[in-house]
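Novice: File coords.pdb follows (PDB, C-alpha atoms and all ligand atoms):
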MODEL        1
ATOM      1  CA  MET A 131     100.251  95.515 132.191
ATOM      2  CA  THR A 132      96.470  95.259 132.110
ATOM      3  CA  GLY A 133      96.154  91.824 130.554
ATOM      4  CA  VAL A 134      95.209  93.034 127.072
ATOM      5  CA  PRO A 135      96.957  90.966 124.397
ATOM      6  CA  THR A 136      98.972  92.885 121.831
ATOM      7  CA  ARG A 137      99.818  92.470 118.164
ATOM      8  CA  ALA A 138     103.237  93.280 116.789
ATOM      9  CA  LEU A 139     103.227  95.940 114.093
ATOM     10  CA  ASN A 140     105.560  95.555 111.104
ATOM     11  CA  ASN A 141     108.305  97.482 112.945
ATOM     12  CA  GLY A 142     108.022  95.460 116.165
ATOM     13  CA  VAL A 143     105.994  98.040 118.132
ATOM     14  CA  GLU A 144     103.229  96.300 120.082
ATOM     15  CA  ILE A 145      99.659  97.568 119.731
ATOM     16  CA  PRO A 146      96.999  96.552 122.298
ATOM     17  CA  MET A 147      94.192  94.565 120.670
ATOM     18  CA  LEU A 148      91.557  96.623 122.481
ATOM     19  CA  GLY A 149      91.484 100.393 122.713
ATOM     20  CA  PHE A 150      89.085 103.234 123.394
ATOM     21  CA  GLY A 151      87.654 105.390 120.572
ATOM     22  CA  VAL A 152      86.539 108.969 121.143
ATOM     23  CA  PHE A 153      84.776 109.902 117.874
ATOM     24  CA  GLN A 154      81.785 112.213 118.462
ATOM     25  CA  ILE A 155      82.620 112.870 122.111
ATOM     26  CA  PRO A 156      82.438 116.664 122.407
ATOM     27  CA  PRO A 157      85.682 118.381 123.477
ATOM     28  CA  ASP A 158      84.238 119.572 126.776
ATOM     29  CA  GLU A 159      82.942 116.093 127.652
ATOM     30  CA  VAL A 160      85.868 113.885 126.692
ATOM     31  CA  VAL A 161      87.981 113.994 129.870
ATOM     32  CA  ALA A 162      85.641 111.884 132.021
ATOM     33  CA  PRO A 163      85.123 108.963 129.613
ATOM     34  CA  VAL A 164      88.853 108.773 128.809
ATOM     35  CA  ALA A 165      89.626 108.828 132.548
ATOM     36  CA  THR A 166      87.085 106.037 133.114
ATOM     37  CA  ALA A 167      88.616 104.044 130.264
ATOM     38  CA  LEU A 168      92.130 104.420 131.666
ATOM     39  CA  GLU A 169      90.901 103.371 135.119
ATOM     40  CA  ALA A 170      89.227 100.337 133.581
ATOM     41  CA  GLY A 171      92.562  99.355 132.036
ATOM     42  CA  TYR A 172      92.447 100.647 128.442
ATOM     43  CA  ARG A 173      95.837 101.917 127.330
ATOM     44  CA  LEU A 174      95.174 102.579 123.620
ATOM     45  CA  ILE A 175      93.244 105.803 122.987
ATOM     46  CA  ASP A 176      92.117 106.523 119.416
ATOM     47  CA  THR A 177      91.450 110.157 118.526
ATOM     48  CA  ALA A 178      91.826 112.358 115.431
ATOM     49  CA  ALA A 179      92.401 116.025 114.690
ATOM     50  CA  VAL A 180      88.919 116.307 113.199
ATOM     51  CA  TYR A 181      87.264 114.977 116.371
ATOM     52  CA  GLY A 182      88.241 118.281 117.976
ATOM     53  CA  ASN A 183      88.940 116.613 121.307
ATOM     54  CA  GLU A 184      92.707 116.009 121.317
ATOM     55  CA  GLU A 185      93.204 118.583 124.070
ATOM     56  CA  GLY A 186      90.767 116.848 126.399
ATOM     57  CA  VAL A 187      92.304 113.477 125.600
ATOM     58  CA  GLY A 188      95.725 114.906 126.460
ATOM     59  CA  LYS A 189      94.405 116.262 129.741
ATOM     60  CA  ALA A 190      92.921 112.904 130.743
ATOM     61  CA  LEU A 191      96.200 111.170 129.857
ATOM     62  CA  ALA A 192      98.219 113.655 131.909
ATOM     63  CA  ASP A 193      95.825 113.528 134.872
ATOM     64  CA  SER A 194      95.928 109.722 134.932
ATOM     65  CA  GLY A 195      99.557 109.655 136.052
ATOM     66  CA  ILE A 196     100.065 106.553 133.885
ATOM     67  CA  ALA A 197     103.613 106.359 132.527
ATOM     68  CA  ARG A 198     103.864 107.537 128.931
ATOM     69  CA  ASP A 199     105.431 104.280 127.794
ATOM     70  CA  GLU A 200     102.403 102.317 129.000
ATOM     71  CA  LEU A 201     100.062 104.356 126.815
ATOM     72  CA  PHE A 202      99.366 103.922 123.127
ATOM     73  CA  VAL A 203      98.030 107.129 121.576
ATOM     74  CA  THR A 204      96.702 107.265 118.024
ATOM     75  CA  THR A 205      95.703 110.389 116.143
ATOM     76  CA  LYS A 206      95.041 111.160 112.480
ATOM     77  CA  VAL A 207      95.655 113.874 109.918
ATOM     78  CA  TRP A 208      92.432 115.308 108.536
ATOM     79  CA  ASN A 209      91.719 115.502 104.784
ATOM     80  CA  GLU A 210      92.009 119.281 104.569
ATOM     81  CA  ASP A 211      95.560 119.028 105.901
ATOM     82  CA  GLN A 212      96.739 116.554 103.307
ATOM     83  CA  GLY A 213      99.903 117.304 101.322
ATOM     84  CA  PHE A 214     103.504 117.167 102.540
ATOM     85  CA  ASP A 215     103.896 120.524 104.312
ATOM     86  CA  ALA A 216     100.330 120.747 105.574
ATOM     87  CA  THR A 217     100.560 117.268 107.103
ATOM     88  CA  LEU A 218     103.777 118.168 108.914
ATOM     89  CA  ARG A 219     102.061 121.256 110.321
ATOM     90  CA  ALA A 220      98.935 119.300 111.289
ATOM     91  CA  PHE A 221     101.098 116.778 113.132
ATOM     92  CA  ASP A 222     102.751 119.531 115.166
ATOM     93  CA  THR A 223      99.326 120.926 116.054
ATOM     94  CA  SER A 224      98.073 117.512 117.162
ATOM     95  CA  LEU A 225     101.140 116.924 119.359
ATOM     96  CA  ASP A 226     100.671 120.335 120.866
ATOM     97  CA  LYS A 227      96.989 119.732 121.645
ATOM     98  CA  LEU A 228      97.700 116.294 123.082
ATOM     99  CA  GLY A 229     100.553 117.728 125.144
ATOM    100  CA  LEU A 230     102.863 114.953 123.947
ATOM    101  CA  ASP A 231     106.298 114.737 122.309
ATOM    102  CA  THR A 232     105.401 111.633 120.326
ATOM    103  CA  VAL A 233     102.364 109.631 119.309
ATOM    104  CA  ASP A 234     102.394 105.869 119.078
ATOM    105  CA  LEU A 235     100.505 105.739 115.802
ATOM    106  CA  TYR A 236      99.801 108.505 113.286
ATOM    107  CA  LEU A 237      97.298 107.784 110.527
ATOM    108  CA  ILE A 238      96.117 109.361 107.280
ATOM    109  CA  HIS A 239      92.425 109.557 108.175
ATOM    110  CA  TRP A 240      90.953 109.069 104.669
ATOM    111  CA  PRO A 241      92.592 108.614 101.264
ATOM    112  CA  SER A 242      90.362 111.391  99.897
ATOM    113  CA  PRO A 243      91.211 110.374  96.312
ATOM    114  CA  ARG A 244      89.648 113.510  94.851
ATOM    115  CA  ARG A 245      92.433 115.543  96.442
ATOM    116  CA  GLY A 246      95.112 113.271  94.993
ATOM    117  CA  LEU A 247      97.460 114.049  97.878
ATOM    118  CA  TYR A 248      97.692 110.918  99.952
ATOM    119  CA  VAL A 249     101.087 109.877  98.542
ATOM    120  CA  GLU A 250     102.516 113.289  99.496
ATOM    121  CA  SER A 251     100.880 113.040 102.910
ATOM    122  CA  TRP A 252     102.380 109.589 103.376
ATOM    123  CA  LYS A 253     105.838 110.984 102.616
ATOM    124  CA  ALA A 254     105.274 113.459 105.457
ATOM    125  CA  LEU A 255     104.367 110.571 107.760
ATOM    126  CA  GLU A 256     107.567 108.812 106.684
ATOM    127  CA  ARG A 257     109.511 111.941 107.681
ATOM    128  CA  ILE A 258     107.738 112.100 111.059
ATOM    129  CA  TYR A 259     108.502 108.419 111.607
ATOM    130  CA  ALA A 260     112.159 108.853 110.632
ATOM    131  CA  GLU A 261     112.391 111.686 113.149
ATOM    132  CA  GLY A 262     111.069 109.363 115.867
ATOM    133  CA  ARG A 263     108.032 111.523 116.542
ATOM    134  CA  ALA A 264     105.567 108.729 115.734
ATOM    135  CA  ARG A 265     106.488 105.207 116.871
ATOM    136  CA  ALA A 266     104.476 103.824 113.961
ATOM    137  CA  ILE A 267     102.605 105.223 110.959
ATOM    138  CA  GLY A 268      99.576 103.891 109.176
ATOM    139  CA  VAL A 269      96.480 104.697 107.197
ATOM    140  CA  SER A 270      92.736 104.571 107.582
ATOM    141  CA  ASN A 271      89.963 103.867 105.108
ATOM    142  CA  PHE A 272      92.425 102.783 102.409
ATOM    143  CA  THR A 273      91.343 100.229  99.795
ATOM    144  CA  VAL A 274      93.669  97.675  98.213
ATOM    145  CA  ALA A 275      94.232 100.078  95.292
ATOM    146  CA  HIS A 276      95.212 102.945  97.606
ATOM    147  CA  LEU A 277      97.597 100.678  99.521
ATOM    148  CA  GLN A 278      99.090  99.336  96.316
ATOM    149  CA  ARG A 279      99.830 102.875  95.178
ATOM    150  CA  LEU A 280     101.684 103.603  98.419
ATOM    151  CA  PHE A 281     103.715 100.412  97.953
ATOM    152  CA  ASP A 282     104.604 101.491  94.407
ATOM    153  CA  GLU A 283     105.496 105.106  95.153
ATOM    154  CA  THR A 284     106.857 105.226  98.705
ATOM    155  CA  GLY A 285     109.192 103.319 101.014
ATOM    156  CA  VAL A 286     107.426 102.399 104.254
ATOM    157  CA  VAL A 287     104.563  99.883 104.404
ATOM    158  CA  PRO A 288     101.746 101.192 106.635
ATOM    159  CA  ALA A 289     101.708  99.495 110.041
ATOM    160  CA  THR A 290      97.904  99.484 110.200
ATOM    161  CA  ASN A 291      94.823 100.208 108.133
ATOM    162  CA  GLN A 292      91.908 101.326 110.288
ATOM    163  CA  VAL A 293      88.655 100.607 108.450
ATOM    164  CA  GLU A 294      84.948 100.157 109.068
ATOM    165  CA  LEU A 295      84.678  96.530 110.138
ATOM    166  CA  HIS A 296      82.012  94.630 112.060
ATOM    167  CA  PRO A 297      80.031  91.419 111.533
ATOM    168  CA  GLU A 298      77.874  93.024 108.830
ATOM    169  CA  LEU A 299      80.979  94.267 106.974
ATOM    170  CA  PRO A 300      83.730  91.748 107.778
ATOM    171  CA  GLN A 301      86.153  93.038 105.108
ATOM    172  CA  ASP A 302      87.574  89.566 104.471
ATOM    173  CA  GLU A 303      89.310  90.440 101.197
ATOM    174  CA  LEU A 304      90.966  93.525 102.638
ATOM    175  CA  ARG A 305      91.994  91.593 105.754
ATOM    176  CA  ALA A 306      93.609  88.908 103.605
ATOM    177  CA  PHE A 307      95.515  91.601 101.697
ATOM    178  CA  HIS A 308      96.653  93.146 104.982
ATOM    179  CA  ASP A 309      97.838  89.758 106.253
ATOM    180  CA  GLU A 310      99.771  89.172 103.055
ATOM    181  CA  HIS A 311     101.593  92.488 103.519
ATOM    182  CA  GLY A 312     102.036  92.499 107.298
ATOM    183  CA  ILE A 313      99.516  95.291 107.915
ATOM    184  CA  VAL A 314      97.503  95.051 111.148
ATOM    185  CA  THR A 315      93.749  95.519 110.666
ATOM    186  CA  GLU A 316      92.005  97.923 113.033
ATOM    187  CA  ALA A 317      88.192  97.981 113.164
ATOM    188  CA  TRP A 318      86.207 101.194 113.482
ATOM    189  CA  SER A 319      82.546 101.032 114.472
ATOM    190  CA  PRO A 320      83.435  97.540 115.760
ATOM    191  CA  ILE A 321      80.153  97.144 117.655
ATOM    192  CA  GLY A 322      78.026  98.734 114.981
ATOM    193  CA  ALA A 323      77.899 102.395 116.040
ATOM    194  CA  GLY A 324      74.540 102.091 117.798
ATOM    195  CA  LYS A 325      72.795 101.150 114.536
ATOM    196  CA  GLY A 326      71.114  97.865 115.420
ATOM    197  CA  LEU A 327      73.890  95.256 115.396
ATOM    198  CA  LEU A 328      73.758  94.691 119.140
ATOM    199  CA  GLU A 329      70.011  94.053 118.994
ATOM    200  CA  ASN A 330      70.370  91.478 116.215
ATOM    201  CA  PRO A 331      68.897  88.151 117.458
ATOM    202  CA  ALA A 332      71.996  86.191 116.357
ATOM    203  CA  VAL A 333      74.235  88.401 118.507
ATOM    204  CA  VAL A 334      71.801  88.480 121.431
ATOM    205  CA  ASP A 335      71.503  84.699 121.293
ATOM    206  CA  VAL A 336      75.276  84.097 121.506
ATOM    207  CA  ALA A 337      75.621  86.697 124.270
ATOM    208  CA  THR A 338      72.754  85.279 126.321
ATOM    209  CA  ARG A 339      74.086  81.738 126.082
ATOM    210  CA  LEU A 340      77.499  82.884 127.330
ATOM    211  CA  GLY A 341      76.114  85.217 129.991
ATOM    212  CA  ARG A 342      77.784  88.199 128.295
ATOM    213  CA  THR A 343      76.586  91.467 126.787
ATOM    214  CA  PRO A 344      76.009  91.649 123.019
ATOM    215  CA  ALA A 345      78.893  94.144 122.775
ATOM    216  CA  GLN A 346      81.227  91.719 124.555
ATOM    217  CA  ALA A 347      80.215  88.907 122.184
ATOM    218  CA  VAL A 348      80.964  91.063 119.122
ATOM    219  CA  LEU A 349      84.236  92.403 120.525
ATOM    220  CA  ARG A 350      85.317  88.847 121.307
ATOM    221  CA  TRP A 351      84.456  87.819 117.714
ATOM    222  CA  HIS A 352      86.847  90.533 116.467
ATOM    223  CA  VAL A 353      89.628  89.619 118.884
ATOM    224  CA  GLN A 354      89.477  85.947 117.890
ATOM    225  CA  ARG A 355      89.868  87.056 114.248
ATOM    226  CA  GLY A 356      93.017  88.971 115.210
ATOM    227  CA  THR A 357      91.538  92.425 114.656
ATOM    228  CA  VAL A 358      92.385  95.428 116.842
ATOM    229  CA  VAL A 359      89.162  97.028 118.152
ATOM    230  CA  ILE A 360      88.494 100.532 119.454
ATOM    231  CA  PRO A 361      84.892 100.677 120.764
ATOM    232  CA  LYS A 362      83.564 104.037 121.900
ATOM    233  CA  SER A 363      81.213 104.756 124.775
ATOM    234  CA  VAL A 364      80.464 107.645 127.082
ATOM    235  CA  THR A 365      78.628 105.336 129.502
ATOM    236  CA  PRO A 366      80.864 104.243 132.417
ATOM    237  CA  GLU A 367      79.318 100.789 132.794
ATOM    238  CA  ARG A 368      79.668 100.111 129.050
ATOM    239  CA  ILE A 369      83.239 101.428 129.008
ATOM    240  CA  ARG A 370      84.083  98.927 131.740
ATOM    241  CA  SER A 371      82.151  95.951 130.381
ATOM    242  CA  ASN A 372      83.497  96.438 126.832
ATOM    243  CA  PHE A 373      86.958  95.891 128.299
ATOM    244  CA  GLU A 374      86.070  92.484 129.813
ATOM    245  CA  VAL A 375      86.545  90.346 126.747
ATOM    246  CA  PHE A 376      89.668  88.361 127.553
ATOM    247  CA  ASP A 377      88.229  85.873 130.044
ATOM    248  CA  PHE A 378      85.932  83.893 127.747
ATOM    249  CA  GLU A 379      85.902  82.438 124.252
ATOM    250  CA  LEU A 380      83.456  82.004 121.424
ATOM    251  CA  GLY A 381      83.248  78.459 120.127
ATOM    252  CA  GLU A 382      83.195  77.671 116.416
ATOM    253  CA  ALA A 383      79.398  77.721 116.252
ATOM    254  CA  ASP A 384      79.247  81.113 118.006
ATOM    255  CA  MET A 385      81.866  82.554 115.653
ATOM    256  CA  ALA A 386      79.933  81.193 112.671
ATOM    257  CA  ALA A 387      76.618  82.572 113.963
ATOM    258  CA  ILE A 388      78.064  86.093 114.218
ATOM    259  CA  SER A 389      79.948  85.783 110.917
ATOM    260  CA  GLY A 390      76.609  84.806 109.363
ATOM    261  CA  LEU A 391      75.510  88.444 109.674
ATOM    262  CA  ALA A 392      77.789  89.521 106.812
ATOM    263  CA  SER A 393      75.660  91.540 104.425
ATOM    264  CA  GLY A 394      78.046  94.220 103.213
ATOM    265  CA  ARG A 395      76.011  96.932 104.968
ATOM    266  CA  ARG A 396      78.132 100.000 105.591
ATOM    267  CA  LEU A 397      77.373 102.260 108.533
ATOM    268  CA  GLY A 398      79.717 105.050 107.456
ATOM    269  CA  PRO A 399      81.038 106.520 104.205
ATOM    270  CA  ASP A 400      82.575 104.372 101.476
ATOM    271  CA  PRO A 401      86.198 105.461 100.870
ATOM    272  CA  GLU A 402      85.736 104.949  97.116
ATOM    273  CA  THR A 403      82.877 107.427  96.871
ATOM    274  CA  ALA A 404      83.299 109.730  99.900
ATOM    275  CA  THR A 405      83.404 113.319  98.700
ATOM    276  CA  PHE A 406      85.080 114.922 101.717
TER     277      PHE A 406
HETATM  278  N1  LIG A 501      89.077 106.103 110.997
HETATM  279  C1  LIG A 501      87.837 106.447 110.817
HETATM  280  O1  LIG A 501      87.437 106.967 109.767
HETATM  281  C2  LIG A 501      86.855 106.216 111.912
HETATM  282  C3  LIG A 501      85.484 106.343 111.673
HETATM  283  C4  LIG A 501      84.607 106.090 112.732
HETATM  284  C5  LIG A 501      85.109 105.727 113.971
HETATM  285  N2  LIG A 501      86.462 105.635 114.179
HETATM  286  C6  LIG A 501      87.024 105.246 115.494
HETATM  287  O2  LIG A 501      86.404 104.057 115.946
HETATM  288  C7  LIG A 501      85.811 104.291 117.215
HETATM  289  C8  LIG A 501      84.594 103.432 117.402
HETATM  290  O3  LIG A 501      83.660 103.596 116.351
HETATM  291  P1  LIG A 501      82.230 104.282 116.555
HETATM  292  O4  LIG A 501      82.310 105.234 117.677
HETATM  293  O5  LIG A 501      81.785 104.768 115.229
HETATM  294  O6  LIG A 501      81.258 103.059 116.884
HETATM  295  P2  LIG A 501      81.186 101.855 117.946
HETATM  296  O7  LIG A 501      82.296 101.890 118.903
HETATM  297  O8  LIG A 501      80.952 100.616 117.148
HETATM  298  O9  LIG A 501      79.808 102.163 118.678
HETATM  299  C9  LIG A 501      79.637 103.249 119.537
HETATM  300  C10 LIG A 501      78.147 103.291 119.921
HETATM  301  O10 LIG A 501      77.803 102.102 120.632
HETATM  302  C11 LIG A 501      77.271 102.451 121.902
HETATM  303  N3  LIG A 501      77.780 101.454 122.847
HETATM  304  C12 LIG A 501      79.048 101.348 123.332
HETATM  305  N4  LIG A 501      79.154 100.293 124.156
HETATM  306  C13 LIG A 501      77.926  99.711 124.209
HETATM  307  C14 LIG A 501      77.413  98.606 124.900
HETATM  308  N5  LIG A 501      78.186  97.878 125.707
HETATM  309  N6  LIG A 501      76.115  98.291 124.725
HETATM  310  C15 LIG A 501      75.332  99.014 123.906
HETATM  311  N7  LIG A 501      75.769 100.090 123.208
HETATM  312  C16 LIG A 501      77.061 100.437 123.361
HETATM  313  C17 LIG A 501      77.747 103.845 122.204
HETATM  314  O11 LIG A 501      76.827 104.529 123.018
HETATM  315  P3  LIG A 501      77.236 105.442 124.299
HETATM  316  O12 LIG A 501      78.492 106.205 123.923
HETATM  317  O13 LIG A 501      76.033 106.316 124.445
HETATM  318  O14 LIG A 501      77.440 104.518 125.454
HETATM  319  C18 LIG A 501      77.781 104.452 120.786
HETATM  320  O15 LIG A 501      76.479 104.852 120.399
HETATM  321  C19 LIG A 501      85.533 105.795 117.177
HETATM  322  O16 LIG A 501      85.267 106.316 118.460
HETATM  323  C20 LIG A 501      86.787 106.317 116.544
HETATM  324  O17 LIG A 501      87.840 106.351 117.485
HETATM  325  C21 LIG A 501      87.331 105.866 113.173
ENDMDL
END
The structure in this file should be written as structure tokens.
Specialist:
Amino acid sequence: MTGVPTRALNNGVEIPMLGFGVFQIPPDEVVAPVATALEAGYRLIDTAAVYGNEEGVGKALADSGIARDELFVTTKVWNEDQGFDATLRAFDTSLDKLGLDTVDLYLIHWPSPRRGLYVESWKALERIYAEGRARAIGVSNFTVAHLQRLFDETGVVPATNQVELHPELPQDELRAFHDEHGIVTEAWSPIGAGKGLLENPAVVDVATRLGRTPAQAVLRWHVQRGTVVIPKSVTPERIRSNFEVFDFELGEADMAAISGLASGRRLGPDPETATF
């Protein structure tokens, strides 16, 4: 509808390749940026119970008047709500706050291995999916080992794994594993979470040569690698310009220049060692 290409999930549901993330947008400030994003053409909105802003997201969706079947809404179960029954309850709460009957994608936010509950939580997501209350189910911040355990102990392969991914942390091994198993890779902090990536001379150089912003150059790099991206901004001009990444291409040399930034630097917690 808005010219954003989609990728087919493993159950045939189409996910837009570009969405809008709302992490760290306070609940009382989230309506305006989501409204701006929807006006700009974004249809995928990525929130989570722990962001505390599902209600505001729901309000912006309702106010937009956009038909429900044109929207793609993702939310996530928080670590403290892991376990079969608690996850089912958390899902109901999220639906209620969003003011929706279904979500398009429901994710386990973190594996939280110290809790040892993600298999049980996944079984709850399978139930929710079977009931038709989530059009697709997936995970976030899962490593190959966590995914392998789900394959061994449960029935449904996650549709997506949403992980930290940007030029400094390209996650090539994990992406290859996803491709092998039909899991779509989603990138969080795709433009580097305001921590220096967009000022890197290699990025600035590519962007300047193409007459684009550094954020557009990096988002285009992701899209050409087949990754779903969900950049966040509260700045109207950035929200709009981050969406304009489907009318130009990076050549091989530009792709290589941005890929050359791979250093393994993480900007957020490591799922193996996170203690929450
Ligand atoms: N699953 C998970 O565990 C997890 C973890 C983290 C994030 N996420 C999801 O991924 C989304 C995106 O990640 P993120 O918010 O961490 O980082 P991000 O989207 O990579 O970066 C957001 C930062 O970049 C700035 N920015 C946005 N557009 C810009 C532009 N065109 N030029 C310069 N700066 C720009 C924003 O500032 P302003 O807002 O001030 O404009 C903000 O500081 C989140 O919102 C959330 O939905 C998921």
Novice: Could you build a table of the residues in chain A lying no more than 7 Å from ligand LIG 501 (chain A), giving for each the nearest pair of atoms and their separation in Å rounded to one decimal place, using only C-alpha atoms and all ligand atoms, ordered by chain and ascending residue number, as a tab-separated table?
Specialist:
residue	atom	partner	partner_atom	distance
A:Phe150	CA	A:LIG501	O17	6.8
A:Gly151	CA	A:LIG501	O17	3.2
A:Val152	CA	A:LIG501	O16	4.0
A:Phe153	CA	A:LIG501	O16	3.7
A:Gln154	CA	A:LIG501	O16	6.8
A:Asp176	CA	A:LIG501	O17	4.7
A:Thr177	CA	A:LIG501	O17	5.3
A:His239	CA	A:LIG501	N1	5.6
A:Trp240	CA	A:LIG501	O1	6.5
A:Ser270	CA	A:LIG501	N1	5.2
A:Asn271	CA	A:LIG501	O1	6.1
A:Gln292	CA	A:LIG501	N1	5.6
A:Val293	CA	A:LIG501	N1	6.1
A:Glu294	CA	A:LIG501	C3	6.7
A:Ala317	CA	A:LIG501	O2	6.9
A:Trp318	CA	A:LIG501	O2	3.8
A:Ser319	CA	A:LIG501	O8	3.1
A:Pro320	CA	A:LIG501	O8	4.2
A:Ile321	CA	A:LIG501	O8	3.6
A:Gly322	CA	A:LIG501	O8	4.1
A:Ala323	CA	A:LIG501	O9	3.3
A:Gly324	CA	A:LIG501	O15	4.3
A:Leu328	CA	A:LIG501	C15	6.6
A:Thr343	CA	A:LIG501	N5	6.7
A:Pro344	CA	A:LIG501	N6	6.9
A:Ala345	CA	A:LIG501	N5	4.8
A:Gln346	CA	A:LIG501	N5	7.0
A:Ile360	CA	A:LIG501	C7	5.1
A:Pro361	CA	A:LIG501	O7	3.4
A:Lys362	CA	A:LIG501	O7	3.9
A:Ser363	CA	A:LIG501	O12	3.2
A:Val364	CA	A:LIG501	O12	4.0
A:Thr365	CA	A:LIG501	O14	4.3
A:Arg368	CA	A:LIG501	N5	4.3
A:Ile369	CA	A:LIG501	N4	6.4
A:Ser371	CA	A:LIG501	N5	6.4
A:Asn372	CA	A:LIG501	N5	5.6
Novice: I'd like the interatomic distance between CA of Ala254 in chain A and CA of Asp226 in chain A, to a tenth of an Å.
Specialist: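 Computed distance, CA of Ala254 in chain A to CA of Asp226 in chain A, equals 17.5 Å.
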Novice: Provide an axis-aligned box for all listed atoms of range 220-228 of chain A, padding each side by 3 Å; report its centre and its edge lengths in Å to one decimal, as lines of an AutoDock Vina configuration file.
Specialist:
center_x = 99.9
center_y = 118.6
center_z = 117.2
size_x = 11.8
size_y = 10.6
size_z = 17.8
Novice: Near Val249 in chain A, counting all atoms listed in the file, which residues have an atom at most 12 Å away, once you skip same-chain residues fewer than 4 positions from it, shown as a PDB file with C-alpha atoms, keeping the file's coordinate frame?
Specialist:
ATOM      1  CA  GLN A 212      96.739 116.554 103.307  1.00  0.00           C
ATOM      2  CA  GLY A 213      99.903 117.304 101.322  1.00  0.00           C
ATOM      3  CA  PHE A 214     103.504 117.167 102.540  1.00  0.00           C
ATOM      4  CA  THR A 217     100.560 117.268 107.103  1.00  0.00           C
ATOM      5  CA  ILE A 238      96.117 109.361 107.280  1.00  0.00           C
ATOM      6  CA  TRP A 240      90.953 109.069 104.669  1.00  0.00           C
ATOM      7  CA  PRO A 241      92.592 108.614 101.264  1.00  0.00           C
ATOM      8  CA  SER A 242      90.362 111.391  99.897  1.00  0.00           C
ATOM      9  CA  PRO A 243      91.211 110.374  96.312  1.00  0.00           C
ATOM     10  CA  ARG A 245      92.433 115.543  96.442  1.00  0.00           C
ATOM     11  CA  LYS A 253     105.838 110.984 102.616  1.00  0.00           C
ATOM     12  CA  ALA A 254     105.274 113.459 105.457  1.00  0.00           C
ATOM     13  CA  LEU A 255     104.367 110.571 107.760  1.00  0.00           C
ATOM     14  CA  GLU A 256     107.567 108.812 106.684  1.00  0.00           C
ATOM     15  CA  VAL A 269      96.480 104.697 107.197  1.00  0.00           C
ATOM     16  CA  PHE A 272      92.425 102.783 102.409  1.00  0.00           C
ATOM     17  CA  HIS A 276      95.212 102.945  97.606  1.00  0.00           C
ATOM     18  CA  LEU A 277      97.597 100.678  99.521  1.00  0.00           C
ATOM     19  CA  GLN A 278      99.090  99.336  96.316  1.00  0.00           C
ATOM     20  CA  ARG A 279      99.830 102.875  95.178  1.00  0.00           C
ATOM     21  CA  LEU A 280     101.684 103.603  98.419  1.00  0.00           C
ATOM     22  CA  PHE A 281     103.715 100.412  97.953  1.00  0.00           C
ATOM     23  CA  ASP A 282     104.604 101.491  94.407  1.00  0.00           C
ATOM     24  CA  GLU A 283     105.496 105.106  95.153  1.00  0.00           C
ATOM     25  CA  THR A 284     106.857 105.226  98.705  1.00  0.00           C
ATOM     26  CA  GLY A 285     109.192 103.319 101.014  1.00  0.00           C
ATOM     27  CA  VAL A 286     107.426 102.399 104.254  1.00  0.00           C
ATOM     28  CA  PRO A 288     101.746 101.192 106.635  1.00  0.00           C
TER      29      PRO A 288
END
Novice: Please list as a PyMOL selection string every residue within 8 Å of Asp234 in chain A, counting all atoms listed in the file and excluding residues in the same chain fewer than 2 positions away.
Specialist: chain A and resi 202-204+232+236+264-266
Novice: Please compute the CA of Gly268 in chain A-CA of Gly394 in chain A distance, one decimal, in Å.
Specialist: 24.3 Å
Novice: Restricting the calculation to all atoms listed in the file: of A:Ala347, A:Glu298, A:Val358, A:Ile267, which residue gets closest to Asn140 in chain A?
Specialist: A:Ile267
Novice: Nearest residue to Ile258 in chain A out of A:Ala332, A:Ala275, A:Val164, A:Leu235, using all atoms listed in the file?
Specialist: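 Ranking A:Ala332, A:Ala275, A:Val164, A:Leu235 by distance to Ile258 in chain A, first place goes to A:Leu235.
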Novice: The residues within 7 Å of (91.0, 97.1, 122.8), using all atoms listed in the file and the coordinates of the file, should be reported as an mmCIF file with C-alpha atoms, in the frame of the given file; which are they?
Specialist:
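And here's part_34.cif as it stands now:
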data_model
loop_
_atom_site.group_PDB
_atom_site.id
_atom_site.type_symbol
_atom_site.label_atom_id
_atom_site.label_comp_id
_atom_site.auth_asym_id
_atom_site.auth_seq_id
_atom_site.Cartn_x
_atom_site.Cartn_y
_atom_site.Cartn_z
ATOM 1 C CA PRO A 146 96.999 96.552 122.298
ATOM 2 C CA MET A 147 94.192 94.565 120.670
ATOM 3 C CA LEU A 148 91.557 96.623 122.481
ATOM 4 C CA GLY A 149 91.484 100.393 122.713
ATOM 5 C CA PHE A 150 89.085 103.234 123.394
ATOM 6 C CA TYR A 172 92.447 100.647 128.442
ATOM 7 C CA LEU A 174 95.174 102.579 123.620
ATOM 8 C CA VAL A 358 92.385 95.428 116.842
ATOM 9 C CA VAL A 359 89.162 97.028 118.152
ATOM 10 C CA ILE A 360 88.494 100.532 119.454
ATOM 11 C CA PHE A 373 86.958 95.891 128.299
#
Novice: Quick one, how far is CA of Val143 in chain A from CA of Ala306 in chain A?
Specialist: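 Separation between CA of Val143 in chain A and CA of Ala306 in chain A: 21.2 Å.
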Novice: Identify which of the residues A:Ala216, A:Arg370, A:Glu303, A:Glu379 lies closest to Ala170 in chain A, counting all atoms listed in the file when measuring atom-to-atom distances.
Specialist: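 Checking each of A:Ala216, A:Arg370, A:Glu303, A:Glu379 against Ala170 in chain A, counting all atoms listed in the file, the winner is A:Arg370.
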Novice: Take the PyMOL selection byres (((chain A and resi 334) around 12) and not hetatm), run it mentally on this structure, and tell me the resulting residues as a PyMOL selection string.
Specialist: chain A and resi 326-333+335-348+384+387-388
Novice: Near Arg395 in chain A, counting only C-alpha atoms, which residues have an atom at most 10 Å away, once you skip same-chain residues fewer than 4 positions from it, shown as a list in words?
Specialist: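 Result of the neighbour search: His296, Pro297, Glu298, Leu299, Pro300 and Leu391 of chain A.
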